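upload17.cif follows; it contains mmCIF, C-alpha atoms.
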```cif
data_coords
#
loop_
_atom_site.label_atom_id
_atom_site.label_comp_id
_atom_site.auth_asym_id
_atom_site.auth_seq_id
_atom_site.Cartn_x
_atom_site.Cartn_y
_atom_site.Cartn_z
CA MET A 1 0.00 0.00 0.00
CA SER A 2 2.84 2.38 0.91
CA GLU A 3 4.53 1.61 -2.44
CA ASN A 4 1.35 2.61 -4.31
CA LYS A 5 1.14 5.87 -2.34
CA GLY A 6 4.80 6.59 -3.09
CA PHE A 7 4.22 5.92 -6.79
CA GLU A 8 1.14 8.22 -6.82
CA LEU A 9 3.07 11.03 -5.06
CA GLY A 10 5.95 10.60 -7.51
CA THR A 11 3.54 10.79 -10.46
CA ILE A 12 1.83 13.91 -9.07
CA GLY A 13 5.24 15.51 -8.49
CA ALA A 14 6.33 14.70 -12.06
CA LEU A 15 3.10 16.15 -13.50
CA GLY A 16 3.42 19.30 -11.38
CA LEU A 17 7.08 19.80 -12.34
CA SER A 18 6.21 19.33 -16.02
CA VAL A 19 3.40 21.91 -15.93
CA VAL A 20 5.36 24.57 -14.01
CA SER A 21 8.58 24.21 -16.04
CA SER A 22 6.80 24.05 -19.42
CA VAL A 23 4.62 27.10 -18.79
CA SER A 24 7.70 28.98 -17.51
CA ILE A 25 9.80 28.18 -20.57
CA VAL A 26 6.97 29.12 -22.97
CA ILE A 27 6.62 32.53 -21.32
CA CYS A 28 10.43 32.98 -21.34
CA ASN A 29 10.75 31.95 -25.00
CA LYS A 30 7.79 34.09 -26.00
CA ALA A 31 9.57 37.14 -24.55
CA LEU A 32 12.81 36.08 -26.26
CA ILE A 33 11.24 35.54 -29.69
CA SER A 34 8.46 38.16 -29.77
CA SER A 35 10.01 41.00 -27.77
CA LEU A 36 13.73 40.55 -28.42
CA GLY A 37 13.52 39.17 -31.99
CA PHE A 38 15.49 35.95 -31.39
CA THR A 39 13.53 33.70 -33.79
CA PHE A 40 15.95 30.74 -34.00
CA ALA A 41 13.79 28.11 -32.29
CA THR A 42 15.54 24.96 -33.54
CA THR A 43 19.03 26.20 -32.66
CA LEU A 44 17.76 27.29 -29.24
CA THR A 45 16.39 23.77 -28.68
CA SER A 46 19.81 22.28 -29.47
CA TRP A 47 21.34 24.56 -26.81
CA HIS A 48 18.63 23.41 -24.38
CA LEU A 49 19.60 19.78 -24.91
CA LEU A 50 23.32 20.54 -24.67
CA VAL A 51 22.84 22.29 -21.30
CA THR A 52 20.60 19.42 -20.14
CA PHE A 53 23.33 16.88 -20.97
CA CYS A 54 26.00 18.93 -19.17
CA SER A 55 23.74 19.25 -16.10
CA LEU A 56 23.09 15.51 -16.05
CA HIS A 57 26.82 14.83 -16.44
CA VAL A 58 27.50 16.93 -13.33
CA ALA A 59 24.70 15.09 -11.52
CA LEU A 60 26.29 11.76 -12.53
CA TRP A 61 29.69 12.95 -11.28
CA MET A 62 28.06 13.89 -7.97
CA LYS A 63 26.49 10.38 -7.91
CA PHE A 64 22.86 11.56 -7.95
CA PHE A 65 22.09 8.70 -10.34
CA GLU A 66 23.85 5.65 -11.75
CA HIS A 67 24.96 5.31 -15.37
CA LYS A 68 23.35 2.21 -16.92
CA PRO A 69 24.46 1.51 -20.51
CA PHE A 70 22.14 -0.57 -22.69
CA ASP A 71 21.49 -1.22 -26.40
CA ALA A 72 23.51 1.45 -28.24
CA LYS A 73 21.46 1.15 -31.45
CA ALA A 74 18.24 1.79 -29.54
CA VAL A 75 19.73 4.86 -27.83
CA ILE A 76 21.14 6.37 -31.04
CA GLY A 77 17.96 5.70 -33.04
CA PHE A 78 15.78 7.09 -30.27
CA GLY A 79 17.92 10.23 -29.89
CA ILE A 80 18.02 10.99 -33.62
CA LEU A 81 14.26 10.34 -33.97
CA ASN A 82 13.53 12.78 -31.14
CA GLY A 83 15.70 15.42 -32.80
CA ILE A 84 13.98 14.88 -36.17
CA SER A 85 10.50 15.17 -34.60
CA ILE A 86 11.41 18.54 -33.05
CA GLY A 87 12.77 19.80 -36.37
CA LEU A 88 9.65 18.62 -38.24
CA LEU A 89 7.33 20.35 -35.73
CA ASN A 90 9.22 23.62 -36.27
CA LEU A 91 9.02 23.16 -40.07
CA SER A 92 5.30 22.40 -39.74
CA LEU A 93 4.79 25.69 -37.92
CA GLY A 94 6.84 27.51 -40.56
CA PHE A 95 4.94 26.14 -43.56
CA ASN A 96 1.41 26.17 -42.10
CA SER A 97 -0.92 28.66 -40.52
CA VAL A 98 -1.03 28.76 -36.70
CA GLY A 99 -4.50 27.18 -36.79
CA PHE A 100 -3.35 24.20 -38.85
CA TYR A 101 -0.28 23.79 -36.63
CA GLN A 102 -2.58 23.59 -33.59
CA MET A 103 -4.62 20.94 -35.41
CA THR A 104 -1.36 19.04 -35.99
CA LYS A 105 -0.68 19.04 -32.24
CA LEU A 106 -4.25 17.90 -31.55
CA ALA A 107 -3.78 14.97 -33.95
CA ILE A 108 -0.97 13.52 -31.81
CA ILE A 109 -3.36 12.03 -29.21
CA PRO A 110 -5.62 10.06 -31.62
CA CYS A 111 -2.53 8.95 -33.58
CA THR A 112 -0.85 7.71 -30.36
CA VAL A 113 -4.03 5.86 -29.34
CA LEU A 114 -4.20 4.24 -32.80
CA LEU A 115 -0.54 3.16 -32.79
CA GLU A 116 -0.70 1.74 -29.26
CA THR A 117 -3.92 -0.13 -30.11
CA LEU A 118 -2.53 -1.62 -33.34
CA PHE A 119 1.04 -2.47 -32.33
CA PHE A 120 0.92 -2.84 -28.54
CA ARG A 121 -2.62 -4.25 -28.15
CA LYS A 122 -3.39 -1.57 -25.57
CA LYS A 123 -7.09 -1.08 -24.89
CA PHE A 124 -8.75 2.29 -24.30
CA SER A 125 -12.25 2.16 -22.83
CA ARG A 126 -15.11 4.08 -24.42
CA SER A 127 -15.17 6.39 -21.39
CA ILE A 128 -11.49 7.27 -21.89
CA GLN A 129 -12.08 7.85 -25.61
CA LEU A 130 -15.04 10.13 -24.80
CA SER A 131 -13.01 12.19 -22.32
CA LEU A 132 -10.19 12.59 -24.88
CA THR A 133 -12.73 13.71 -27.51
CA ILE A 134 -14.12 16.37 -25.13
CA LEU A 135 -10.57 17.53 -24.34
CA LEU A 136 -9.59 17.82 -28.01
CA MET A 137 -12.81 19.69 -28.83
CA GLY A 138 -12.10 22.19 -26.05
CA VAL A 139 -8.50 22.81 -27.06
CA GLY A 140 -9.61 23.08 -30.71
CA ILE A 141 -12.21 25.74 -29.83
CA ALA A 142 -9.66 27.68 -27.78
CA THR A 143 -6.67 27.57 -30.14
CA VAL A 144 -7.67 26.80 -33.74
CA THR A 145 -8.60 29.99 -35.57
CA ASP A 146 -7.66 29.91 -39.24
CA MET A 147 -7.21 26.79 -41.36
CA GLN A 148 -5.05 27.32 -44.45
CA LEU A 149 -3.94 24.11 -46.18
CA ASN A 150 -1.02 23.52 -48.52
CA THR A 151 0.54 20.28 -49.79
CA LEU A 152 4.08 20.68 -48.41
CA GLY A 153 2.81 21.92 -45.04
CA SER A 154 0.38 18.99 -44.78
CA ILE A 155 3.13 16.44 -45.56
CA LEU A 156 5.45 18.02 -42.96
CA SER A 157 2.64 17.98 -40.38
CA LEU A 158 1.90 14.31 -41.04
CA LEU A 159 5.59 13.40 -40.63
CA ALA A 160 5.81 15.54 -37.48
CA VAL A 161 2.81 13.76 -35.92
CA LEU A 162 4.12 10.28 -36.76
CA THR A 163 7.68 10.90 -35.52
CA THR A 164 6.43 12.59 -32.33
CA CYS A 165 4.05 9.71 -31.54
CA ILE A 166 6.69 7.05 -32.18
CA ALA A 167 9.32 8.93 -30.14
CA GLN A 168 6.97 9.30 -27.16
CA ILE A 169 5.87 5.66 -27.31
CA MET A 170 9.56 4.65 -27.45
CA THR A 171 10.26 6.81 -24.39
CA ASN A 172 7.81 4.69 -22.42
CA THR A 173 8.68 1.27 -23.88
CA ILE A 174 12.48 1.69 -23.65
CA GLN A 175 12.27 2.57 -19.94
CA LYS A 176 10.18 -0.54 -19.27
CA LYS A 177 12.07 -2.91 -21.60
CA TYR A 178 15.60 -2.08 -20.42
CA LYS A 179 14.55 -1.12 -16.87
CA VAL A 180 16.23 2.27 -17.01
CA SER A 181 15.06 5.41 -15.25
CA SER A 182 13.99 8.57 -17.05
CA THR A 183 17.27 10.23 -15.99
CA GLN A 184 19.39 7.38 -17.36
CA LEU A 185 17.55 7.39 -20.68
CA LEU A 186 17.71 11.19 -21.01
CA TYR A 187 21.43 11.22 -20.18
CA GLN A 188 22.28 8.67 -22.87
CA SER A 189 19.98 9.98 -25.62
CA CYS A 190 20.54 13.71 -25.05
CA PRO A 191 23.87 13.97 -26.98
CA TYR A 192 22.31 12.46 -30.13
CA GLN A 193 19.26 14.74 -29.91
CA ALA A 194 21.49 17.78 -29.37
CA LEU A 195 23.87 16.82 -32.20
CA THR A 196 20.99 16.28 -34.65
CA LEU A 197 19.54 19.73 -33.93
CA PHE A 198 22.92 21.45 -33.53
CA ILE A 199 23.83 20.46 -37.11
CA SER A 200 20.42 21.02 -38.71
CA GLY A 201 19.23 23.93 -36.51
CA PRO A 202 21.05 26.87 -38.15
CA PHE A 203 20.00 25.69 -41.64
CA LEU A 204 16.35 25.16 -40.63
CA ASP A 205 16.22 28.53 -38.88
CA TRP A 206 17.77 30.30 -41.86
CA PHE A 207 15.30 28.49 -44.16
CA LEU A 208 12.32 29.59 -42.03
CA THR A 209 13.40 33.11 -41.03
CA SER A 210 15.97 34.12 -43.72
CA GLN A 211 18.27 35.14 -40.87
CA ASN A 212 21.65 33.83 -39.74
CA VAL A 213 21.81 32.80 -36.07
CA PHE A 214 25.56 33.54 -35.98
CA ALA A 215 25.06 37.07 -37.33
CA PHE A 216 22.44 37.98 -34.72
CA LYS A 217 23.29 40.80 -32.32
CA TYR A 218 23.48 39.22 -28.87
CA THR A 219 22.74 42.00 -26.36
CA PRO A 220 23.12 41.36 -22.60
CA GLN A 221 19.31 41.16 -22.30
CA VAL A 222 19.11 38.50 -25.04
CA LEU A 223 21.91 36.49 -23.41
CA VAL A 224 20.15 36.60 -20.01
CA PHE A 225 16.92 35.24 -21.50
CA ILE A 226 18.81 32.55 -23.48
CA ILE A 227 20.60 31.39 -20.31
CA LEU A 228 17.32 31.44 -18.35
CA SER A 229 15.60 29.45 -21.11
CA CYS A 230 18.39 26.85 -21.14
CA LEU A 231 18.26 26.45 -17.35
CA ILE A 232 14.48 25.96 -17.35
CA SER A 233 14.83 23.46 -20.22
CA VAL A 234 16.75 21.08 -17.92
CA SER A 235 13.61 20.74 -15.82
CA VAL A 236 11.38 20.53 -18.93
CA ASN A 237 13.38 17.70 -20.54
CA PHE A 238 13.74 15.78 -17.28
CA SER A 239 10.03 16.05 -16.40
CA THR A 240 9.00 15.01 -19.95
CA PHE A 241 10.83 11.67 -19.70
CA LEU A 242 9.68 11.28 -16.10
CA VAL A 243 5.98 11.79 -16.90
CA ILE A 244 5.98 9.47 -19.95
CA GLY A 245 7.85 6.80 -17.98
CA LYS A 246 5.49 6.96 -14.98
CA THR A 247 2.23 7.33 -16.94
CA SER A 248 1.85 6.98 -20.73
CA PRO A 249 2.37 8.96 -23.96
CA VAL A 250 -1.38 9.76 -24.10
CA THR A 251 -1.37 11.15 -20.54
CA TYR A 252 1.66 13.28 -21.43
CA GLN A 253 -0.22 14.74 -24.41
CA VAL A 254 -3.26 15.45 -22.21
CA LEU A 255 -0.90 17.27 -19.85
CA GLY A 256 0.51 19.17 -22.84
CA HIS A 257 -2.95 20.52 -23.67
CA LEU A 258 -3.40 21.60 -20.05
CA LYS A 259 -0.17 23.57 -20.45
CA THR A 260 -1.59 25.15 -23.62
CA CYS A 261 -4.66 26.35 -21.70
CA LEU A 262 -2.48 27.68 -18.89
CA VAL A 263 -0.20 29.47 -21.37
CA LEU A 264 -3.25 31.17 -22.92
CA ALA A 265 -4.43 32.26 -19.47
CA PHE A 266 -0.99 33.47 -18.35
CA GLY A 267 -0.50 35.24 -21.68
CA TYR A 268 -3.69 37.18 -21.07
CA VAL A 269 -2.87 38.01 -17.43
CA LEU A 270 0.87 38.74 -17.70
CA LEU A 271 1.46 39.74 -21.34
CA HIS A 272 -2.04 41.20 -22.04
CA ASP A 273 -2.55 38.98 -25.09
CA PRO A 274 -5.97 39.29 -26.79
CA PHE A 275 -8.54 36.97 -25.20
CA SER A 276 -12.08 36.20 -26.36
CA TRP A 277 -15.13 34.34 -25.08
CA ARG A 278 -14.24 31.59 -27.52
CA ASN A 279 -10.91 31.09 -25.72
CA ILE A 280 -12.68 30.97 -22.35
CA LEU A 281 -15.29 28.47 -23.61
CA GLY A 282 -12.62 26.25 -25.18
CA ILE A 283 -10.50 26.24 -22.01
CA LEU A 284 -13.54 25.33 -19.86
CA VAL A 285 -14.53 22.46 -22.19
CA ALA A 286 -10.91 21.25 -22.27
CA LEU A 287 -10.72 21.32 -18.47
CA VAL A 288 -13.89 19.20 -18.26
CA GLY A 289 -12.24 16.65 -20.59
CA MET A 290 -9.00 16.68 -18.53
CA VAL A 291 -10.82 16.20 -15.20
CA LEU A 292 -12.91 13.39 -16.69
CA TYR A 293 -9.81 11.72 -18.17
CA SER A 294 -7.94 11.96 -14.83
CA TYR A 295 -10.91 10.55 -12.91
CA LEU A 296 -11.40 7.64 -15.31
CA CYS A 297 -7.67 6.79 -15.39
CA THR A 298 -7.56 6.80 -11.58
CA ARG A 299 -10.68 4.64 -11.33
CA GLU A 300 -9.39 2.11 -13.89
CA SER A 301 -6.00 2.00 -12.16
CA GLN A 302 -7.65 1.31 -8.78
CA GLN A 303 -9.84 -1.36 -10.39
CA LYS A 304 -6.77 -3.11 -11.83
CA THR A 305 -5.05 -2.99 -8.42
CA THR A 306 -8.15 -4.45 -6.73
CA ASP A 307 -8.46 -7.21 -9.34
CA ALA A 308 -4.76 -8.10 -9.02
CA SER A 309 -4.93 -8.32 -5.20
CA ALA A 310 -8.15 -10.38 -5.38
CA GLN A 311 -6.53 -12.75 -7.89
CA SER A 312 -3.41 -13.21 -5.73
CA SER A 313 -5.51 -13.88 -2.60
CA SER A 314 -7.69 -16.41 -4.47
CA GLN A 315 -4.55 -18.19 -5.72
CA ALA A 316 -3.25 -18.35 -2.13
CA LYS A 317 -6.56 -19.82 -0.91
CA GLU A 318 -6.51 -22.38 -3.73
CA GLY A 319 -3.00 -23.40 -2.70
CA GLU A 320 -4.06 -23.89 0.93
CA ALA A 321 -7.16 -25.89 -0.09
CA GLU A 322 -5.05 -28.12 -2.35
CA ALA A 323 -2.64 -28.85 0.53
CA LEU A 324 -5.54 -29.82 2.81
CA ILE A 325 -7.03 -32.11 0.14
CA ASN A 326 -3.66 -33.84 -0.29
CA ILE A 327 -3.43 -34.51 3.44
CA GLU A 328 -7.00 -35.85 3.57
CA ASN A 329 -6.30 -38.18 0.63
CA GLY A 330 -3.25 -39.61 2.37
CA THR A 331 -0.73 -38.09 0.01
CA GLY A 332 1.06 -36.33 2.85
CA ILE A 333 3.38 -39.30 3.49
CA LEU A 334 6.49 -37.13 3.58
CA VAL A 335 5.00 -35.12 6.39
CA ASP A 336 4.20 -38.29 8.32
CA ALA A 337 7.73 -39.58 7.81
CA ALA A 338 9.10 -36.61 9.67
CA VAL A 339 7.11 -37.51 12.83
CA PRO A 340 9.21 -39.51 15.33
CA LYS A 341 7.92 -43.06 15.86
CA ALA A 342 8.01 -45.24 18.97
CA PRO A 343 11.22 -47.33 19.23
CA VAL A 344 11.00 -51.01 18.22
CA TRP A 345 12.77 -53.20 20.78
CA SER A 346 15.04 -55.95 19.49
CA SER A 347 14.47 -59.42 20.95
CA ASN A 348 18.25 -59.92 21.26
CA LYS A 349 18.54 -56.82 23.44
CA ASP A 350 15.72 -58.14 25.62
CA LEU A 351 17.57 -61.44 26.10
CA HIS A 352 20.84 -59.74 27.08
CA ALA A 353 18.95 -57.61 29.56
#
```
Kindly transcribe the structure held in the file into structure tokens.
Amino acid sequence: MSENKGFELGTIGALGLSVVSSVSIVICNKALISSLGFTFATTLTSWHLLVTFCSLHVALWMKFFEHKPFDAKAVIGFGILNGISIGLLNLSLGFNSVGFYQMTKLAIIPCTVLLETLFFRKKFSRSIQLSLTILLMGVGIATVTDMQLNTLGSILSLLAVLTTCIAQIMTNTIQKKYKVSSTQLLYQSCPYQALTLFISGPFLDWFLTSQNVFAFKYTPQVLVFIILSCLISVSVNFSTFLVIGKTSPVTYQVLGHLKTCLVLAFGYVLLHDPFSWRNILGILVALVGMVLYSYLCTRESQQKTTDASAQSSSQAKEGEAEALINIENGTGILVDAAVPKAPVWSSNKDLHA
């Protein structure tokens, strides 16, 4: 029972850390990109991952966690795939309208559900599916405004959705298959993610913005926000792997949409972004879907725990009953053999007496 409570507290802590760090970095990056004109998102992400790796290396040196090497091919493939998915999401935003990009992000949940159902035989109840539908409708109402389609943008969005879904499913399955923690997986895959984006980032950013990241004028204010963004990213990357490992890729995406709603609200309060009744309605509908999803997941988890404990107790009772039946049928000879018997006197000894 205490182990279950510890797991629940760890999960709640991971979810809370993910929400706080993600909302913080979005606000920080929004100020960096919108106010200070630093529009090199892919290159900035590569710096995030580089700082994350350096931080984890220091943590390893201080023995906060143990290095656990495993399948090198899996690590390299996973790291490169993660880097590609980030680059494709940025390209999707560059070649599509904001509304279509939001639709791309919404498509990640149903795509993840489909992939897990087809390839991992995971079952999602109708109640869970209904709660996810309500959530997606709410986020769609709040965020999707214009819908402008083009062929290249649609292809990039499709690739971005597929790579993101596969990467997040791999995050969960690798941790379970190789029995590694989120920190161990992040530490080993981070260099490959960072290298992928460090090489491709400047080219992608130049392609999307027609500006050179190396020719940008780095004022002290810009440098402060870049450093702050990189420091927050350590918590973001760590909490991402932690949440997916402790819960599931679908739960992580649900949490991502909660962050979107919070970012909209904080943007209105702190940055005075325009806010309409449509945004408020969408956020409220999305929150209903999130609460319903959380409640149903908790209920199903408790049901599984109850069923497992009932099954183990019934197996124990069956074992006891089988032992009693064996004794009654006289098959407990070995037990009888261990009981000391009365001594048999020899007739020769009696004569000598």
May I have the residues within 10 Å of segment 110-121 of chain A as a PDB file with C-alpha atoms, keeping the file's coordinate frame, using all atoms listed in the file and disregarding those fewer than 3 positions away in the same chain?
```pdb
ATOM      1  CA  LEU A 106      -4.250  17.900 -31.550  1.00  0.00           C
ATOM      2  CA  ALA A 107      -3.780  14.970 -33.950  1.00  0.00           C
ATOM      3  CA  PHE A 124      -8.750   2.290 -24.300  1.00  0.00           C
ATOM      4  CA  GLN A 129     -12.080   7.850 -25.610  1.00  0.00           C
ATOM      5  CA  LEU A 132     -10.190  12.590 -24.880  1.00  0.00           C
ATOM      6  CA  THR A 133     -12.730  13.710 -27.510  1.00  0.00           C
ATOM      7  CA  LEU A 136      -9.590  17.820 -28.010  1.00  0.00           C
ATOM      8  CA  VAL A 161       2.810  13.760 -35.920  1.00  0.00           C
ATOM      9  CA  LEU A 162       4.120  10.280 -36.760  1.00  0.00           C
ATOM     10  CA  THR A 164       6.430  12.590 -32.330  1.00  0.00           C
ATOM     11  CA  CYS A 165       4.050   9.710 -31.540  1.00  0.00           C
ATOM     12  CA  ILE A 166       6.690   7.050 -32.180  1.00  0.00           C
ATOM     13  CA  GLN A 168       6.970   9.300 -27.160  1.00  0.00           C
ATOM     14  CA  ILE A 169       5.870   5.660 -27.310  1.00  0.00           C
ATOM     15  CA  THR A 173       8.680   1.270 -23.880  1.00  0.00           C
ATOM     16  CA  PRO A 249       2.370   8.960 -23.960  1.00  0.00           C
ATOM     17  CA  VAL A 250      -1.380   9.760 -24.100  1.00  0.00           C
ATOM     18  CA  GLN A 253      -0.220  14.740 -24.410  1.00  0.00           C
TER      19      GLN A 253
END
```
key: Sphere at (25.3, 12.4, -17.2), radius 12 Å, counting all atoms listed in the file: residues as a count of residues only   = 30
query = Which residues come within 10 Å of segment 200-212 of chain A, counting only C-alpha atoms, excluding same-chain residues fewer than 6 positions away, as a PyMOL selection string?
reply = chain A and resi 38-47+83-84+87-88+90-91+93-95+194
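Taken over the shown file, the PyMOL selection byres ((chain A and resi 281) around 12) identifies Leu135, Met137, Gly138, Val139, Gly140, Ile141, Ala142, Thr143, Cys261, Phe275, Ser276, Trp277, Arg278, Asn279, Ile280, Gly282, Ile283, Leu284, Val285, Ala286, Leu287 and Val288 of chain A.
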task = Could you tell me how far atom CA of Ile174 of chain A lies from atom CA of Phe238 of chain A, in Å and to one decimal?
result =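 Computed distance, atom CA of Ile174 of chain A to atom CA of Phe238 of chain A, equals 15.5 Å.
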ask   = Restricting the calculation to all atoms listed in the file, which member of A:Thr306, A:Asn82, A:Leu292, A:Leu228 is positioned closest to Ser127 of chain A?
value =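 That would be A:Leu292, the residue with the smallest distance to Ser127 of chain A.
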ask   = Nearest to Val291 of chain A among A:Val23, A:Ile134, A:Ala167, A:Leu89, with distances taken over only C-alpha atoms: which residue is it?
value = A:Ile134
ask   = Between atom CA of Leu130 of chain A and atom CA of Ser97 of chain A, what is the spacing in Å?
value =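 One can read the atom CA of Ser97 of chain A to atom CA of Leu130 of chain A distance as 28.1 Å.
What separates atom CA of Leu152 of chain A from atom CA of Phe198 of chain A is a distance of 24.0 Å.
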query = Out of A:His48, A:Ile80, A:Gly245, A:Ser24, which residue has the shortest atom-to-atom distance to Lys179 of chain A when counting only C-alpha atoms?
reply = A:Gly245
request  = On this file, the PyMOL selection byres ((chain A and resi 239) around 8) gives some set of residues; write that set as a list in words.
outcome  = Ala14, Leu15, Leu17, Ser18, Ser235, Val236, Asn237, Phe238, Thr240, Phe241, Leu242 and Val243 of chain A
ask   = Contacts of Tyr293 of chain A at 7 Å or less, counting all atoms listed in the file, minus same-chain residues fewer than 3 places along, as a list in words?
value =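 Once the nearby chain positions are removed, what remains is Ile128, Ser131, Leu132, Gly289, Met290, Leu296 and Cys297 of chain A.
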request  = Carefully work through the PyMOL selection byres ((chain A and resi 28) around 12) for this structure and note down the residues it includes, as a PyMOL selection string.
outcome  = chain A and resi 21-27+29-36+38+222+224-233+263+266-267+270-271
request  = Counting only C-alpha atoms, figure out which residue out of A:Ser294, A:Val144, A:Thr151, A:Gly77 gets nearest to Val254 of chain A.
outcome  =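 Checking each candidate against Val254 of chain A, we get A:Ser294 as the closest.
If only C-alpha atoms are the atoms counted, then among A:Thr260, A:Leu195, A:Gly16, A:Gly37 the closest residue to Val213 of chain A is A:Gly37.
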ask   = Which of these residues is nearest to Leu156 of chain A, using all atoms listed in the file: A:Leu255, A:Ile86, A:Leu223, A:Ile199?
value =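 Result for the nearest residue to Leu156 of chain A: A:Ile86.
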Export segment 234-240 of chain A, all heavy atoms, as a JSON list (two decimals), in the first residue's frame; it's the structure right above.
```json
[["chain", "number", "residue", "atom", "x", "y", "z"],
["A", 234, "VAL", "N", 16.27, 22.27, -18.63],
["A", 234, "VAL", "CA", 16.75, 21.08, -17.92],
["A", 234, "VAL", "C", 15.57, 20.41, -17.20],
["A", 234, "VAL", "O", 15.37, 19.20, -17.28],
["A", 234, "VAL", "CB", 17.86, 21.44, -16.91],
["A", 234, "VAL", "CG1", 18.29, 20.20, -16.13],
["A", 234, "VAL", "CG2", 19.06, 22.05, -17.63],
["A", 235, "SER", "N", 14.79, 21.24, -16.53],
["A", 235, "SER", "CA", 13.61, 20.74, -15.82],
["A", 235, "SER", "C", 12.55, 20.23, -16.79],
["A", 235, "SER", "O", 11.90, 19.21, -16.55],
["A", 235, "SER", "CB", 13.02, 21.86, -14.94],
["A", 235, "SER", "OG", 11.85, 21.44, -14.30],
["A", 236, "VAL", "N", 12.38, 20.93, -17.92],
["A", 236, "VAL", "CA", 11.38, 20.53, -18.93],
["A", 236, "VAL", "C", 11.72, 19.15, -19.50],
["A", 236, "VAL", "O", 10.87, 18.25, -19.55],
["A", 236, "VAL", "CB", 11.30, 21.56, -20.07],
["A", 236, "VAL", "CG1", 10.41, 21.05, -21.20],
["A", 236, "VAL", "CG2", 10.77, 22.88, -19.56],
["A", 237, "ASN", "N", 12.97, 18.98, -19.93],
["A", 237, "ASN", "CA", 13.38, 17.70, -20.54],
["A", 237, "ASN", "C", 13.31, 16.56, -19.53],
["A", 237, "ASN", "O", 12.85, 15.45, -19.86],
["A", 237, "ASN", "CB", 14.81, 17.82, -21.10],
["A", 237, "ASN", "CG", 14.88, 18.74, -22.30],
["A", 237, "ASN", "OD1", 13.98, 18.78, -23.12],
["A", 237, "ASN", "ND2", 15.95, 19.50, -22.41],
["A", 238, "PHE", "N", 13.76, 16.81, -18.32],
["A", 238, "PHE", "CA", 13.74, 15.78, -17.28],
["A", 238, "PHE", "C", 12.31, 15.36, -16.95],
["A", 238, "PHE", "O", 11.99, 14.17, -16.88],
["A", 238, "PHE", "CB", 14.44, 16.29, -16.02],
["A", 238, "PHE", "CG", 14.33, 15.37, -14.84],
["A", 238, "PHE", "CD1", 15.02, 14.17, -14.82],
["A", 238, "PHE", "CD2", 13.53, 15.70, -13.77],
["A", 238, "PHE", "CE1", 14.90, 13.31, -13.74],
["A", 238, "PHE", "CE2", 13.40, 14.85, -12.69],
["A", 238, "PHE", "CZ", 14.09, 13.65, -12.67],
["A", 239, "SER", "N", 11.42, 16.35, -16.78],
["A", 239, "SER", "CA", 10.03, 16.05, -16.40],
["A", 239, "SER", "C", 9.27, 15.35, -17.55],
["A", 239, "SER", "O", 8.39, 14.54, -17.30],
["A", 239, "SER", "CB", 9.30, 17.33, -15.99],
["A", 239, "SER", "OG", 9.24, 18.26, -17.05],
["A", 240, "THR", "N", 9.63, 15.68, -18.79],
["A", 240, "THR", "CA", 9.00, 15.01, -19.95],
["A", 240, "THR", "C", 9.24, 13.51, -19.91],
["A", 240, "THR", "O", 8.30, 12.70, -20.00],
["A", 240, "THR", "CB", 9.54, 15.59, -21.27],
["A", 240, "THR", "OG1", 9.20, 16.97, -21.36],
["A", 240, "THR", "CG2", 8.96, 14.85, -22.47]]
```
